[in-house]
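Below is one structure, written out as structure tokens; comments come after it.
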Amino acid sequence: MPKKIIKIITTFSIVLLTIFISYAEKTQQWKGIKVNVDANGTISTTNSFKKIENGFEQLTISLSNKGNKAITIQKITVSIPIETQLSDNLDVVFGGSCMGRTPLLKQKIGSQTNRSSSNMYEMLRLSDGEYLFAGSTSWRIFMPNFILKEGAFEVWSDGEGKQLKPGQTIQYEQIVLRRSKNWLELLNQFGKAIAAENKITTLKSADFKGWATWDYYGRVFTPKDIYGNMDQLNKLAPEANMIQIDGGWWTERGDYKSINSGLLPGGINEIVSRIVAEGKTPGIHFDGFRGDEASEIYKTHPEYFLHDQDGKLVVEENEKADKVMRYIYFDYSHPGARAHIADCIKNMKDNWGIRYFKVDFMRYGLENDIKLKNKHVKSFKAYDPTITGVERFRLGMKTMREAMGNDVYFLGCSAVFGPTIGFVDGMRTGGDINPIYQSFPERCLGNLSNFYLSGKVFNGDADYLVFREAIDEDSTVSQEEVKHGHSLTMDEAQMWANFNKLYGTTRLHSDNLMTLRSERKALVKEVFEFPAMEETIPLDLWEHGTNKQDGFELIIARKDKDIYLGIFNWSDKPKEYELKAFGKTTPVQLEGRNSKIIKYEGEKSFNELCESLKSK
């Protein structure tokens, strides 16, 4: 048959398939939606639908105070009935919501627990190739929680004392709904819808390769430690372009203009000067949402921090290996607190020369996470009592972003993703790594749960490269239990190296290069020399995620037209992988705790390979 005729037939088939899918997705009618607002007065609600780009129906809900007195909101609940009869054995996925605590969770409807929720989305698999989806594209006032209850998608939010003035109308967060034949296309379009809602059009380049202090040294390091590792890095990887100074450099948490002179007698400027002289980007870490009760900023301005319902300062005591911390929490509804953090950031940028900011512990800017650590706290007394914790958080984020300017890189860390979107350039998408094998499958799941966000709303960051075991350590290693004295075989270390080849654009090593054995150093160079991927997808999303250790095993990634398939056997037993669609005529066999990356040599496109390889 002539090629021209084949092309016409193929094009016609694609058109018919598109029409069929479009028709199928229109058959789901979202009727009977109920909005309940628990408040100390009557809140009027309206809701409406509109079709938006990316195939979603957007549900907009307005909340109005038509009375003559201010009304305080305690809780909002939205119930969206599902037409289809649901059985207990159907699969449901709750999307990952934050860096480490809530990765993707897959369950049967009949086996849901109190963990069965998400701040991002929930997706039902009615059958292979038949999905129902509900998600949020905004987190501006409230934190939406998606659950499945009594045959309906339910979205609820703590009102957090939000006050509506007489005559005031606000919108609840934007909810998007869709019925789809293709879970991968659905999630990719969801990421694009979030970017559109938050006016994100382009992302900063983040092809960083370098070294960071944290994983080996923790909070206790000296210039000698940094310079010794920089010397080794220059020999190992002359192309390295980043050095990051992590936590421990300040005197007290919150006092971010003062330097711990006991560790860094020459200050930050001395270290940054050498980093810049070597042509590298200087990066720094700080805790953007907490201070310490011993800090000067608290002593001089206690009003900059959150107090509880009884007017007492909220203090969390945490005993670390090197110090007892007494954490307190910035109240960014206070203009003075915002001015303080802006001043600290401008000093780091203008006077110290910092061009990469890693702002950590972001979850502690939100009410729920503070309460989890401080069980006695029922509510907060903030400078502005009329706004929610989400709004306070976003005031802090806006202040930080503006103080940094658009010419530096902003990495978010330990965050609940939603309220950070639109402010950060990059985001740590999985929990902190440790030089322990059990960390690797958990971080694989945590990071790749959020593949649909990476490259669309922020650059995904998998955390540090760590390849050491006890024999590679000296007395300067961090004394945290998870950081020293462990074993890690070369095959296990290779698995984390291979994962970092396929996911994330920032690759920072964080062992001690002065003591790391040569074969382990070679893994660092191996990752650095591998091209940073533009797109990474877990093909077996519906086969994993039943618990934190249940990492994905088939990962496909693309750089330009080059396509790679990563195979990860996280189990202890050998496995076979049938990969005919990838051009492998015989199964690929892998021993337990082993991985392999295969470059594609065929003619199929990336999208075609994804469709033929992914779980249905």
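So you can find residues: chains in the structure tokens are A, B, ... in the order shown, residues in each start at 1, and ligands are numbered from 1 in order.
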
Distance query His509 in chain A at most 7 Å, only C-alpha atoms, self and fewer than 2 positions along chain excluded, as a list in words: Gly210, Trp211, Ala212, Tyr464, Leu465, Val466, Arg507, Asp511 and Val524 of chain A

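The shell of residues at most 9 Å from Trp250 in chain A, with only C-alpha atoms counted and near chain neighbours (fewer than 3 positions) removed, consists of A:Gly247, A:Arg253, A:Gly254, A:Asp255, A:Tyr256, A:Lys257, A:Ser258, A:Ile259, A:Asn260, A:Ser261, A:Phe286.
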
Expected answer as a VMD selection string: strand (DSSP E) residues in range 406-591 of chain A: chain A and resid 409 to 412 426 to 428 459 to 461 506 to 509 535 to 538 554 to 559 562 to 569 575 to 577 588 to 590

Would you save the residues of that selection, restricted to N, CA and C atoms, as a JSON list (two decimals), in the first residue's frame?
```
[["chain", "number", "residue", "atom", "x", "y", "z"],
["A", 409, "TYR", "N", 17.94, 31.81, 41.73],
["A", 409, "TYR", "CA", 17.17, 30.57, 41.74],
["A", 409, "TYR", "C", 16.60, 30.33, 43.13],
["A", 410, "PHE", "N", 15.31, 29.98, 43.19],
["A", 410, "PHE", "CA", 14.58, 29.77, 44.44],
["A", 410, "PHE", "C", 14.14, 28.31, 44.49],
["A", 411, "LEU", "N", 14.76, 27.54, 45.38],
["A", 411, "LEU", "CA", 14.39, 26.13, 45.58],
["A", 411, "LEU", "C", 13.56, 26.01, 46.85],
["A", 412, "GLY", "N", 12.35, 25.44, 46.73],
["A", 412, "GLY", "CA", 11.52, 25.16, 47.88],
["A", 412, "GLY", "C", 11.84, 23.80, 48.45],
["A", 426, "GLY", "N", 12.30, 25.85, 41.67],
["A", 426, "GLY", "CA", 12.48, 24.41, 41.83],
["A", 426, "GLY", "C", 11.85, 23.94, 43.11],
["A", 427, "MET", "N", 11.63, 22.63, 43.21],
["A", 427, "MET", "CA", 11.00, 22.07, 44.41],
["A", 427, "MET", "C", 11.58, 20.69, 44.70],
["A", 428, "ARG", "N", 12.00, 20.48, 45.94],
["A", 428, "ARG", "CA", 12.32, 19.13, 46.39],
["A", 428, "ARG", "C", 11.01, 18.35, 46.42],
["A", 459, "ASN", "N", 10.83, 22.97, 38.63],
["A", 459, "ASN", "CA", 11.81, 21.94, 38.33],
["A", 459, "ASN", "C", 11.88, 20.96, 39.51],
["A", 460, "GLY", "N", 11.66, 19.69, 39.24],
["A", 460, "GLY", "CA", 11.73, 18.69, 40.29],
["A", 460, "GLY", "C", 13.16, 18.45, 40.75],
["A", 461, "ASP", "N", 13.34, 18.28, 42.05],
["A", 461, "ASP", "CA", 14.67, 18.08, 42.65],
["A", 461, "ASP", "C", 14.62, 16.84, 43.55],
["A", 506, "THR", "N", 18.96, 19.29, 39.02],
["A", 506, "THR", "CA", 20.04, 19.69, 39.91],
["A", 506, "THR", "C", 20.64, 18.44, 40.53],
["A", 507, "ARG", "N", 21.94, 18.24, 40.35],
["A", 507, "ARG", "CA", 22.62, 17.07, 40.91],
["A", 507, "ARG", "C", 23.73, 17.56, 41.84],
["A", 508, "LEU", "N", 23.50, 17.50, 43.13],
["A", 508, "LEU", "CA", 24.50, 17.92, 44.12],
["A", 508, "LEU", "C", 24.93, 16.72, 44.93],
["A", 509, "HIS", "N", 26.24, 16.48, 44.95],
["A", 509, "HIS", "CA", 26.78, 15.39, 45.76],
["A", 509, "HIS", "C", 26.95, 15.87, 47.20],
["A", 535, "GLU", "N", 11.86, 15.22, 30.63],
["A", 535, "GLU", "CA", 10.57, 14.62, 30.96],
["A", 535, "GLU", "C", 10.82, 13.23, 31.53],
["A", 536, "THR", "N", 10.17, 12.91, 32.62],
["A", 536, "THR", "CA", 10.34, 11.60, 33.26],
["A", 536, "THR", "C", 8.98, 11.09, 33.73],
["A", 537, "ILE", "N", 8.68, 9.82, 33.43],
["A", 537, "ILE", "CA", 7.34, 9.28, 33.71],
["A", 537, "ILE", "C", 7.45, 7.89, 34.33],
["A", 538, "PRO", "N", 6.72, 7.64, 35.42],
["A", 538, "PRO", "CA", 6.63, 6.28, 35.97],
["A", 538, "PRO", "C", 5.57, 5.50, 35.18],
["A", 554, "LEU", "N", 9.47, 0.83, 36.49],
["A", 554, "LEU", "CA", 9.70, 1.14, 35.08],
["A", 554, "LEU", "C", 9.57, 2.65, 34.88],
["A", 555, "ILE", "N", 10.69, 3.30, 34.54],
["A", 555, "ILE", "CA", 10.73, 4.76, 34.44],
["A", 555, "ILE", "C", 11.28, 5.13, 33.07],
["A", 556, "ILE", "N", 10.51, 5.89, 32.32],
["A", 556, "ILE", "CA", 10.94, 6.32, 31.00],
["A", 556, "ILE", "C", 11.23, 7.82, 31.05],
["A", 557, "ALA", "N", 12.30, 8.24, 30.34],
["A", 557, "ALA", "CA", 12.71, 9.64, 30.38],
["A", 557, "ALA", "C", 13.22, 10.06, 29.01],
["A", 558, "ARG", "N", 13.19, 11.37, 28.80],
["A", 558, "ARG", "CA", 13.56, 11.91, 27.48],
["A", 558, "ARG", "C", 14.42, 13.16, 27.63],
["A", 559, "LYS", "N", 15.47, 13.23, 26.81],
["A", 559, "LYS", "CA", 16.26, 14.43, 26.62],
["A", 559, "LYS", "C", 16.30, 14.70, 25.11],
["A", 562, "ASP", "N", 16.45, 11.78, 22.50],
["A", 562, "ASP", "CA", 17.02, 10.59, 23.12],
["A", 562, "ASP", "C", 16.09, 10.09, 24.22],
["A", 563, "ILE", "N", 15.80, 8.78, 24.20],
["A", 563, "ILE", "CA", 14.85, 8.18, 25.14],
["A", 563, "ILE", "C", 15.55, 7.07, 25.92],
["A", 564, "TYR", "N", 15.30, 7.06, 27.23],
["A", 564, "TYR", "CA", 15.93, 6.07, 28.11],
["A", 564, "TYR", "C", 14.86, 5.39, 28.95],
["A", 565, "LEU", "N", 15.06, 4.10, 29.19],
["A", 565, "LEU", "CA", 14.17, 3.34, 30.07],
["A", 565, "LEU", "C", 14.97, 2.85, 31.27],
["A", 566, "GLY", "N", 14.53, 3.22, 32.46],
["A", 566, "GLY", "CA", 15.16, 2.75, 33.69],
["A", 566, "GLY", "C", 14.35, 1.61, 34.29],
["A", 567, "ILE", "N", 15.03, 0.53, 34.63],
["A", 567, "ILE", "CA", 14.39, -0.63, 35.25],
["A", 567, "ILE", "C", 14.99, -0.78, 36.64],
["A", 568, "PHE", "N", 14.13, -0.79, 37.66],
["A", 568, "PHE", "CA", 14.58, -0.81, 39.05],
["A", 568, "PHE", "C", 13.91, -1.95, 39.79],
["A", 569, "ASN", "N", 14.69, -2.94, 40.17],
["A", 569, "ASN", "CA", 14.16, -4.05, 40.97],
["A", 569, "ASN", "C", 14.48, -3.75, 42.44],
["A", 575, "LYS", "N", 13.95, -10.64, 39.14],
["A", 575, "LYS", "CA", 12.71, -10.41, 38.41],
["A", 575, "LYS", "C", 12.99, -10.36, 36.91],
["A", 576, "GLU", "N", 11.93, -10.66, 36.14],
["A", 576, "GLU", "CA", 12.00, -10.52, 34.69],
["A", 576, "GLU", "C", 11.06, -9.40, 34.25],
["A", 577, "TYR", "N", 11.49, -8.65, 33.22],
["A", 577, "TYR", "CA", 10.69, -7.55, 32.71],
["A", 577, "TYR", "C", 10.49, -7.74, 31.21],
["A", 588, "VAL", "N", 14.14, -8.80, 30.08],
["A", 588, "VAL", "CA", 15.31, -8.28, 30.80],
["A", 588, "VAL", "C", 15.27, -8.85, 32.21],
["A", 589, "GLN", "N", 16.37, -9.47, 32.61],
["A", 589, "GLN", "CA", 16.45, -10.10, 33.93],
["A", 589, "GLN", "C", 17.31, -9.23, 34.85],
["A", 590, "LEU", "N", 16.81, -9.03, 36.07],
["A", 590, "LEU", "CA", 17.54, -8.24, 37.05],
["A", 590, "LEU", "C", 17.56, -8.97, 38.39]]
```

Spatial neighbours of range 436-448 of chain A, max dist 8 Å, only C-alpha atoms, sep filter under 3 positions, as a ChimeraX atom specification: /A:96,99-100,102-104,428-433,451,460-462,482,486-488,492-493,495-496,499,503,536-538,545,548-552,570

File dump, residues just selected, N, CA and C atoms, as a short mmCIF file (atom, residue, chain, number, x, y, z; two decimals), in the first residue's frame:
```cif
data_model
loop_
_atom_site.label_atom_id
_atom_site.label_comp_id
_atom_site.auth_asym_id
_atom_site.auth_seq_id
_atom_site.Cartn_x
_atom_site.Cartn_y
_atom_site.Cartn_z
N GLY A 96 0.32 12.70 45.56
CA GLY A 96 1.25 13.22 46.54
C GLY A 96 1.02 14.71 46.77
N MET A 99 6.58 17.19 50.16
CA MET A 99 7.89 16.65 49.85
C MET A 99 8.09 15.23 50.37
N GLY A 100 7.75 14.95 51.60
CA GLY A 100 8.11 13.66 52.15
C GLY A 100 7.02 12.87 52.83
N THR A 102 3.58 12.75 52.44
CA THR A 102 2.40 12.23 51.74
C THR A 102 2.69 12.00 50.26
N PRO A 103 3.41 10.92 49.94
CA PRO A 103 3.58 10.58 48.53
C PRO A 103 2.28 10.00 47.98
N LEU A 104 2.29 9.71 46.70
CA LEU A 104 1.14 9.06 46.08
C LEU A 104 0.74 7.81 46.88
N ARG A 428 12.00 20.48 45.94
CA ARG A 428 12.32 19.13 46.39
C ARG A 428 11.01 18.35 46.42
N THR A 429 10.96 17.26 45.64
CA THR A 429 9.70 16.53 45.48
C THR A 429 9.67 15.20 46.22
N GLY A 430 10.74 14.84 46.89
CA GLY A 430 10.77 13.63 47.71
C GLY A 430 11.46 13.94 49.03
N GLY A 431 11.31 13.06 50.00
CA GLY A 431 11.88 13.29 51.32
C GLY A 431 13.41 13.31 51.31
N ASP A 432 13.98 13.73 52.45
CA ASP A 432 15.44 13.77 52.59
C ASP A 432 16.05 12.40 52.34
N ILE A 433 17.12 12.38 51.56
CA ILE A 433 17.82 11.14 51.30
C ILE A 433 18.77 10.83 52.46
N PHE A 451 5.62 13.64 38.95
CA PHE A 451 6.20 13.84 37.63
C PHE A 451 5.43 14.87 36.81
N GLY A 460 11.66 19.69 39.24
CA GLY A 460 11.73 18.69 40.29
C GLY A 460 13.16 18.45 40.75
N ASP A 461 13.34 18.28 42.05
CA ASP A 461 14.67 18.08 42.65
C ASP A 461 14.62 16.84 43.55
N ALA A 462 15.47 15.87 43.27
CA ALA A 462 15.41 14.57 43.98
C ALA A 462 16.23 14.52 45.25
N VAL A 482 20.67 8.33 61.17
CA VAL A 482 20.46 7.92 59.77
C VAL A 482 21.61 8.34 58.87
N HIS A 486 26.43 3.07 58.27
CA HIS A 486 25.57 2.13 57.56
C HIS A 486 26.31 1.45 56.40
N SER A 487 25.68 0.43 55.84
CA SER A 487 26.25 -0.28 54.69
C SER A 487 25.43 0.02 53.45
N LEU A 488 26.10 0.04 52.32
CA LEU A 488 25.46 0.31 51.04
C LEU A 488 26.31 -0.34 49.96
N GLU A 492 23.50 -1.20 45.14
CA GLU A 492 22.49 -0.33 45.75
C GLU A 492 22.80 1.14 45.47
N ALA A 493 24.07 1.51 45.62
CA ALA A 493 24.46 2.89 45.33
C ALA A 493 24.20 3.22 43.86
N MET A 495 21.84 2.13 42.05
CA MET A 495 20.41 2.37 41.86
C MET A 495 20.07 3.83 42.10
N TRP A 496 20.66 4.44 43.15
CA TRP A 496 20.37 5.85 43.40
C TRP A 496 21.02 6.73 42.33
N PHE A 499 18.73 6.47 39.30
CA PHE A 499 17.50 7.26 39.46
C PHE A 499 17.77 8.74 39.20
N TYR A 503 15.84 11.56 36.76
CA TYR A 503 14.92 12.53 37.35
C TYR A 503 15.70 13.66 38.02
N THR A 536 10.17 12.91 32.62
CA THR A 536 10.34 11.60 33.26
C THR A 536 8.98 11.09 33.73
N ILE A 537 8.68 9.82 33.43
CA ILE A 537 7.34 9.28 33.71
C ILE A 537 7.45 7.89 34.33
N PRO A 538 6.72 7.64 35.42
CA PRO A 538 6.63 6.28 35.97
C PRO A 538 5.57 5.50 35.18
N GLY A 545 2.83 2.20 44.86
CA GLY A 545 2.31 3.25 45.71
C GLY A 545 1.38 2.77 46.81
N LYS A 548 4.94 3.42 51.42
CA LYS A 548 6.05 4.31 51.11
C LYS A 548 7.25 3.60 50.49
N GLN A 549 7.39 2.31 50.74
CA GLN A 549 8.52 1.57 50.19
C GLN A 549 8.23 0.98 48.81
N ASP A 550 7.01 1.16 48.34
CA ASP A 550 6.57 0.53 47.09
C ASP A 550 6.89 1.45 45.90
N GLY A 551 8.20 1.51 45.56
CA GLY A 551 8.66 2.41 44.52
C GLY A 551 8.36 1.91 43.12
N PHE A 552 8.35 2.83 42.15
CA PHE A 552 8.12 2.48 40.75
C PHE A 552 9.31 1.70 40.20
N TRP A 570 13.52 -3.13 43.13
CA TRP A 570 13.73 -2.75 44.53
C TRP A 570 13.61 -3.94 45.47
#
```

Where in range 219-338 of chain A does DSSP assign alpha helix (DSSP H), given as a short mmCIF file (atom, residue, chain, number, x, y, z; two decimals) with C-alpha atoms, in the first residue's frame?
```
data_model
loop_
_atom_site.label_atom_id
_atom_site.label_comp_id
_atom_site.auth_asym_id
_atom_site.auth_seq_id
_atom_site.Cartn_x
_atom_site.Cartn_y
_atom_site.Cartn_z
CA PRO A 223 35.74 26.23 55.79
CA LYS A 224 38.43 23.54 55.72
CA ASP A 225 35.74 20.90 55.10
CA ILE A 226 34.23 22.96 52.26
CA TYR A 227 37.54 23.81 50.61
CA GLY A 228 38.82 20.24 50.84
CA ASN A 229 35.71 18.96 49.10
CA MET A 230 35.91 21.72 46.50
CA ASP A 231 39.49 20.67 45.68
CA GLN A 232 38.38 17.06 45.22
CA LEU A 233 35.34 18.11 43.18
CA ASN A 234 37.51 20.14 40.81
CA LYS A 235 39.68 17.09 40.15
CA LEU A 236 36.73 14.74 39.76
CA GLY A 267 32.10 34.48 57.59
CA ILE A 268 30.13 33.60 54.48
CA ASN A 269 31.86 36.17 52.26
CA GLU A 270 35.18 34.35 52.40
CA ILE A 271 33.60 31.07 51.24
CA VAL A 272 31.45 32.71 48.57
CA SER A 273 34.48 34.56 47.21
CA ARG A 274 36.27 31.29 46.55
CA ILE A 275 33.14 29.69 45.05
CA VAL A 276 32.71 32.61 42.66
CA ALA A 277 36.42 32.71 41.84
CA GLU A 296 17.78 38.05 68.88
CA ILE A 297 14.90 38.67 66.50
CA TYR A 298 12.49 37.02 68.96
CA LYS A 299 13.95 38.87 71.96
CA THR A 300 13.55 42.23 70.25
CA PRO A 335 4.61 43.57 58.16
CA GLY A 336 7.61 43.67 60.51
CA ALA A 337 8.20 39.93 60.13
CA ARG A 338 8.04 40.29 56.35
#
```

Contacts of range 48-65 of chain A within 6 Å, only C-alpha atoms, excl. fewer than 6 positions in-chain, as a list in words: Pro166, Gly167, Gln168, Thr169, Ile170, Gln171, Tyr172, Gln174, Ile175, Val176, Leu177, Arg178 and Gln189 of chain A

Please write the residues from the selection above to a file, keeping C-alpha atoms, as a PDB file, in the first residue's frame.
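What follows is the written file selection09.pdb:
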```
ATOM      1  CA  PRO A 166     -20.315  42.491  55.211  1.00  0.00           C
ATOM      2  CA  GLY A 167     -20.889  42.496  51.461  1.00  0.00           C
ATOM      3  CA  GLN A 168     -17.637  40.622  50.737  1.00  0.00           C
ATOM      4  CA  THR A 169     -17.443  37.745  48.225  1.00  0.00           C
ATOM      5  CA  ILE A 170     -14.492  35.381  47.835  1.00  0.00           C
ATOM      6  CA  GLN A 171     -13.870  32.323  45.710  1.00  0.00           C
ATOM      7  CA  TYR A 172     -13.129  28.869  47.024  1.00  0.00           C
ATOM      8  CA  GLN A 174     -10.548  26.156  41.735  1.00  0.00           C
ATOM      9  CA  ILE A 175     -11.624  22.513  41.335  1.00  0.00           C
ATOM     10  CA  VAL A 176     -11.199  20.680  38.039  1.00  0.00           C
ATOM     11  CA  LEU A 177     -13.037  17.496  37.065  1.00  0.00           C
ATOM     12  CA  ARG A 178     -12.696  15.116  34.170  1.00  0.00           C
ATOM     13  CA  GLN A 189      -2.864  18.003  31.248  1.00  0.00           C
TER      14      GLN A 189
END
```

Nearest residue to Glu534 in chain A from the set A:Phe606, A:Phe467, A:Phe417, A:Phe582 (distances using only C-alpha atoms): A:Phe606

Each range 157-184 of chain A residue no farther than 7 Å from range 109-133 of chain A, nearest pair in Å, only C-alpha atoms, as a Markdown table:
```
| residue | atom | partner | partner_atom | distance |
| --- | --- | --- | --- | --- |
| A:Leu177 | CA | A:Phe133 | CA | 5.6 |
| A:Arg178 | CA | A:Phe133 | CA | 5.2 |
| A:Arg179 | CA | A:Leu132 | CA | 4.6 |
| A:Ser180 | CA | A:Tyr131 | CA | 5.2 |
| A:Lys181 | CA | A:Gly129 | CA | 4.6 |
| A:Asn182 | CA | A:Gly129 | CA | 5.9 |
| A:Trp183 | CA | A:Tyr131 | CA | 6.8 |
```

Selected residues, N, CA and C atoms, written as a PDB file, in the first residue's frame, please.
```
ATOM      1  N   LEU A 177     -12.473  18.842  37.129  1.00  0.00           N
ATOM      2  CA  LEU A 177     -13.037  17.496  37.065  1.00  0.00           C
ATOM      3  C   LEU A 177     -12.922  16.981  35.637  1.00  0.00           C
ATOM      4  N   ARG A 178     -12.789  15.670  35.520  1.00  0.00           N
ATOM      5  CA  ARG A 178     -12.696  15.116  34.170  1.00  0.00           C
ATOM      6  C   ARG A 178     -12.880  13.603  34.192  1.00  0.00           C
ATOM      7  N   ARG A 179     -13.510  13.105  33.144  1.00  0.00           N
ATOM      8  CA  ARG A 179     -13.551  11.681  32.851  1.00  0.00           C
ATOM      9  C   ARG A 179     -12.613  11.456  31.672  1.00  0.00           C
ATOM     10  N   SER A 180     -11.758  10.424  31.748  1.00  0.00           N
ATOM     11  CA  SER A 180     -10.740  10.258  30.716  1.00  0.00           C
ATOM     12  C   SER A 180     -10.471   8.784  30.445  1.00  0.00           C
ATOM     13  N   LYS A 181      -9.973   8.529  29.242  1.00  0.00           N
ATOM     14  CA  LYS A 181      -9.560   7.179  28.855  1.00  0.00           C
ATOM     15  C   LYS A 181      -8.086   6.926  29.134  1.00  0.00           C
ATOM     16  N   ASN A 182      -7.334   7.979  29.505  1.00  0.00           N
ATOM     17  CA  ASN A 182      -5.884   7.875  29.547  1.00  0.00           C
ATOM     18  C   ASN A 182      -5.342   8.593  30.776  1.00  0.00           C
ATOM     19  N   TRP A 183      -4.863   7.845  31.779  1.00  0.00           N
ATOM     20  CA  TRP A 183      -4.411   8.464  33.024  1.00  0.00           C
ATOM     21  C   TRP A 183      -3.157   9.325  32.831  1.00  0.00           C
TER      22      TRP A 183
END
```

Would you kindly return, as a compact mmCIF listing (two decimals) with N, CA, C and O atoms, in the first residue's frame, each protein, DNA or RNA residue with an atom no farther than 10 Å from any atom of Thr388 in chain A, considering only C-alpha atoms and excluding same-chain residues fewer than 2 positions away?
```txt
# COMPACT_ATOMS: atom_id res chain seq x y z
N ILE A 73 -15.40 31.80 59.18
CA ILE A 73 -15.61 30.47 58.59
C ILE A 73 -14.81 29.42 59.35
O ILE A 73 -13.60 29.59 59.58
N ARG A 140 -4.98 29.44 47.35
CA ARG A 140 -4.74 30.85 47.65
C ARG A 140 -5.26 31.29 49.02
O ARG A 140 -4.68 32.15 49.66
N ILE A 141 -6.38 30.72 49.44
CA ILE A 141 -6.97 31.08 50.74
C ILE A 141 -7.09 29.85 51.63
O ILE A 141 -6.78 29.88 52.82
N PHE A 142 -7.55 28.74 51.04
CA PHE A 142 -7.81 27.52 51.78
C PHE A 142 -6.95 26.37 51.26
O PHE A 142 -6.48 26.41 50.12
N MET A 143 -6.80 25.36 52.10
CA MET A 143 -6.10 24.15 51.69
C MET A 143 -7.14 23.08 51.38
O MET A 143 -7.77 22.53 52.28
N ASP A 158 -10.39 23.37 56.17
CA ASP A 158 -10.51 24.06 57.44
C ASP A 158 -10.62 25.55 57.13
O ASP A 158 -9.80 26.10 56.38
N GLY A 159 -11.63 26.21 57.68
CA GLY A 159 -11.80 27.64 57.42
C GLY A 159 -10.72 28.50 58.05
O GLY A 159 -10.50 29.64 57.62
N GLU A 160 -10.04 27.97 59.09
CA GLU A 160 -8.93 28.64 59.76
C GLU A 160 -9.28 30.05 60.21
O GLU A 160 -8.43 30.95 60.25
N GLY A 161 -10.56 30.27 60.52
CA GLY A 161 -10.98 31.58 61.03
C GLY A 161 -11.06 32.67 59.99
O GLY A 161 -11.07 33.86 60.32
N LYS A 162 -11.12 32.29 58.71
CA LYS A 162 -11.23 33.31 57.66
C LYS A 162 -12.47 34.16 57.89
O LYS A 162 -13.56 33.66 58.09
N GLN A 163 -12.29 35.48 57.85
CA GLN A 163 -13.39 36.40 58.08
C GLN A 163 -13.86 37.03 56.78
O GLN A 163 -13.05 37.51 55.99
N SER A 333 1.81 37.51 58.62
CA SER A 333 0.77 38.54 58.46
C SER A 333 1.26 39.86 59.06
O SER A 333 0.66 40.91 58.83
N LEU A 366 2.38 26.65 57.52
CA LEU A 366 0.96 26.30 57.43
C LEU A 366 0.44 25.81 58.77
O LEU A 366 1.15 25.11 59.51
N GLU A 367 -0.80 26.14 59.07
CA GLU A 367 -1.35 25.86 60.40
C GLU A 367 -1.37 24.38 60.75
O GLU A 367 -1.03 23.98 61.87
N ALA A 382 -2.76 35.68 65.53
CA ALA A 382 -1.85 36.30 64.57
C ALA A 382 -2.07 37.80 64.53
O ALA A 382 -3.10 38.31 64.99
N ASP A 384 -2.76 39.60 61.94
CA ASP A 384 -4.00 39.79 61.19
C ASP A 384 -4.87 38.55 61.40
O ASP A 384 -4.64 37.51 60.79
N PRO A 385 -5.87 38.64 62.27
CA PRO A 385 -6.69 37.47 62.59
C PRO A 385 -7.75 37.16 61.53
O PRO A 385 -8.47 36.17 61.65
N THR A 386 -7.86 38.00 60.49
CA THR A 386 -8.94 37.83 59.53
C THR A 386 -8.56 36.90 58.37
O THR A 386 -9.41 36.54 57.57
N VAL A 390 -2.93 29.79 55.10
CA VAL A 390 -2.50 29.74 53.70
C VAL A 390 -2.18 31.14 53.20
O VAL A 390 -1.17 31.37 52.52
N GLU A 391 -3.02 32.10 53.55
CA GLU A 391 -2.78 33.48 53.14
C GLU A 391 -1.53 34.05 53.81
O GLU A 391 -0.74 34.78 53.18
N ARG A 392 -1.31 33.73 55.10
CA ARG A 392 -0.09 34.17 55.78
C ARG A 392 1.14 33.58 55.09
O ARG A 392 2.14 34.25 54.87
N PHE A 393 1.03 32.29 54.77
CA PHE A 393 2.13 31.59 54.09
C PHE A 393 2.47 32.29 52.78
O PHE A 393 3.64 32.55 52.47
N ARG A 394 1.46 32.60 52.00
CA ARG A 394 1.69 33.20 50.69
C ARG A 394 2.23 34.63 50.80
O ARG A 394 3.00 35.08 49.93
```

Distance query Gly396 in chain A at most 12 Å, only C-alpha atoms, self and fewer than 2 positions along chain excluded, as a count of residues only: 37

Asp310 in chain A surroundings by only C-alpha atoms, 12 Å radius, close-in-sequence under 3 positions cut, as a PyMOL selection string: chain A and resi 306-307+313-314+376-382

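Our summary of the geometry notes that CA of Asn498 in chain A is positioned 9.5 Å from CA of Phe530 in chain A.
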
Å distance separating CA of Pro435 in chain A from CA of Leu523 in chain A, one decimal place: 14.0 Å

Nearest residue to Asn198 in chain A from the set A:Met325, A:Ala39, A:Val315, A:Val457 (distances using only C-alpha atoms): A:Val457

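Across the structure, CA of Pro282 in chain A and CA of Gln244 in chain A are spaced 6.1 Å apart.
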